[in-house]
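First comes the structure, then the notes that go with it.
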Amino acid sequence: MALETLLGDSIITTQMNEALNWGRKNSLWPMPFGTACCAIEFMSVVSSGFDLSRFGAELVRFSPRQSDLLLVAGTITYKQAPILKQVYAQMADPKWVISMGACACSGGFYDNYCTVQGIDEIIPVDVYIAGCPPRPEAIIEAIVKLQEKVQSGEKAAVMIGEKPRGIMIGDQQRDH
């Protein structure tokens with residue numbers, strides 16, 4: 001006989017993972033890794049005009065050990081790549097990454113010897129945000145999409161062999 005049948009409506013039953021995912025979804029601790037103009041756009045999202053705190057991600061941390069969401073905004077050079085990789089490695093599991101803006105997603109218009117053509121060459125990305133710079137509404141939409149991913153229990157992207165599949169926010173498409 002099922003537990004729900006025995007208990008009826010007197011108690012709520014759920015799996016522990018679902019409860020943990022609900023808590024994780026509503027308490028993301030973002031850490032911005034900003035190197036250019038997209039980082040300035042993130043500042044507007046956490047201010048009172050757009051109020052990211054409504055979505056449970058208002059507690060911005062500047063220590064990778066205290067954050068579970070890495071927002072990479074701006075151009076990443078090959079000289080910065082080991083630093084980004086180390087910051088990602090220092091984050092506690094589970095951890096998620098949002099690639100914010102054209103430069104972080106694909107290198108932007110810097111197609112040269114020193115610019116990484118997308119941070120997914122270095123670390124796995126869960127959500128991509130198009131734009132140069134992306135609108136604050138797109139950043140909020142990316143947080144909401146990531147929350148849906150966390151709630152569903154979908155694991156963070158893992159880079160094995162090929163580029164991970166992420167979610168694209170904005171009107172541009174990205175090849176995977």
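Residue numbering restarts at 1 in every chain; chains get A, B, ... in the order shown in the structure tokens, and ligands count up from 1 in that same order.
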
Exercise: Arg135 (chain A) partners within 12 Å, only C-alpha atoms, chain neighbours under 3 positions left out, as an NGL selection string = :A and (37-45 or 50 or 100-102 or 129-132 or 138-142 or 169-171)

Would you put the residues from that selection into a file with C-alpha atoms, as a CSV table (one decimal), in the first residue's frame?
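Just written: part_15.csv:
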```
chain,number,residue,atom,x,y,z
A,37,CYS,CA,31.1,46.3,-20.2
A,38,CYS,CA,28.7,43.4,-19.6
A,39,ALA,CA,29.7,43.4,-15.9
A,40,ILE,CA,28.4,47.0,-15.7
A,41,GLU,CA,25.0,45.7,-17.0
A,42,PHE,CA,25.0,43.1,-14.2
A,43,MET,CA,25.2,45.9,-11.7
A,44,SER,CA,21.9,47.3,-12.9
A,45,VAL,CA,20.2,44.0,-12.4
A,50,PHE,CA,15.3,45.4,-11.6
A,100,MET,CA,26.8,36.6,-20.3
A,101,GLY,CA,27.2,38.6,-23.5
A,102,ALA,CA,28.6,38.1,-26.9
A,129,ILE,CA,22.9,35.1,-22.8
A,130,ALA,CA,23.2,36.8,-26.1
A,131,GLY,CA,23.7,40.5,-26.6
A,132,CYS,CA,26.3,43.2,-26.5
A,138,ALA,CA,17.6,38.9,-20.5
A,139,ILE,CA,19.8,38.4,-17.4
A,140,ILE,CA,16.7,37.9,-15.3
A,141,GLU,CA,15.3,35.5,-17.8
A,142,ALA,CA,18.6,33.5,-17.7
A,169,ILE,CA,18.7,33.5,-24.0
A,170,GLY,CA,18.1,36.3,-26.6
A,171,ASP,CA,17.5,36.4,-30.3
```

Nearest to Ile122 (chain A) by atom-to-atom distance, counting only C-alpha atoms, from A:Gln66, A:Gln147, A:Ser152, A:Gln86 = A:Gln86

Between CA of Ser47 (chain A) and CA of Phe62 (chain A), distance in Å (one decimal) =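 That distance, rounded to one decimal, is 16.4 Å.
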
Pick the closest to Val125 (chain A) from A:Val150, A:Ala104, A:Met91, A:Leu52: which is it, counting only C-alpha atoms?
->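 Residue with the minimum atom-to-atom distance to Val125 (chain A): A:Ala104.
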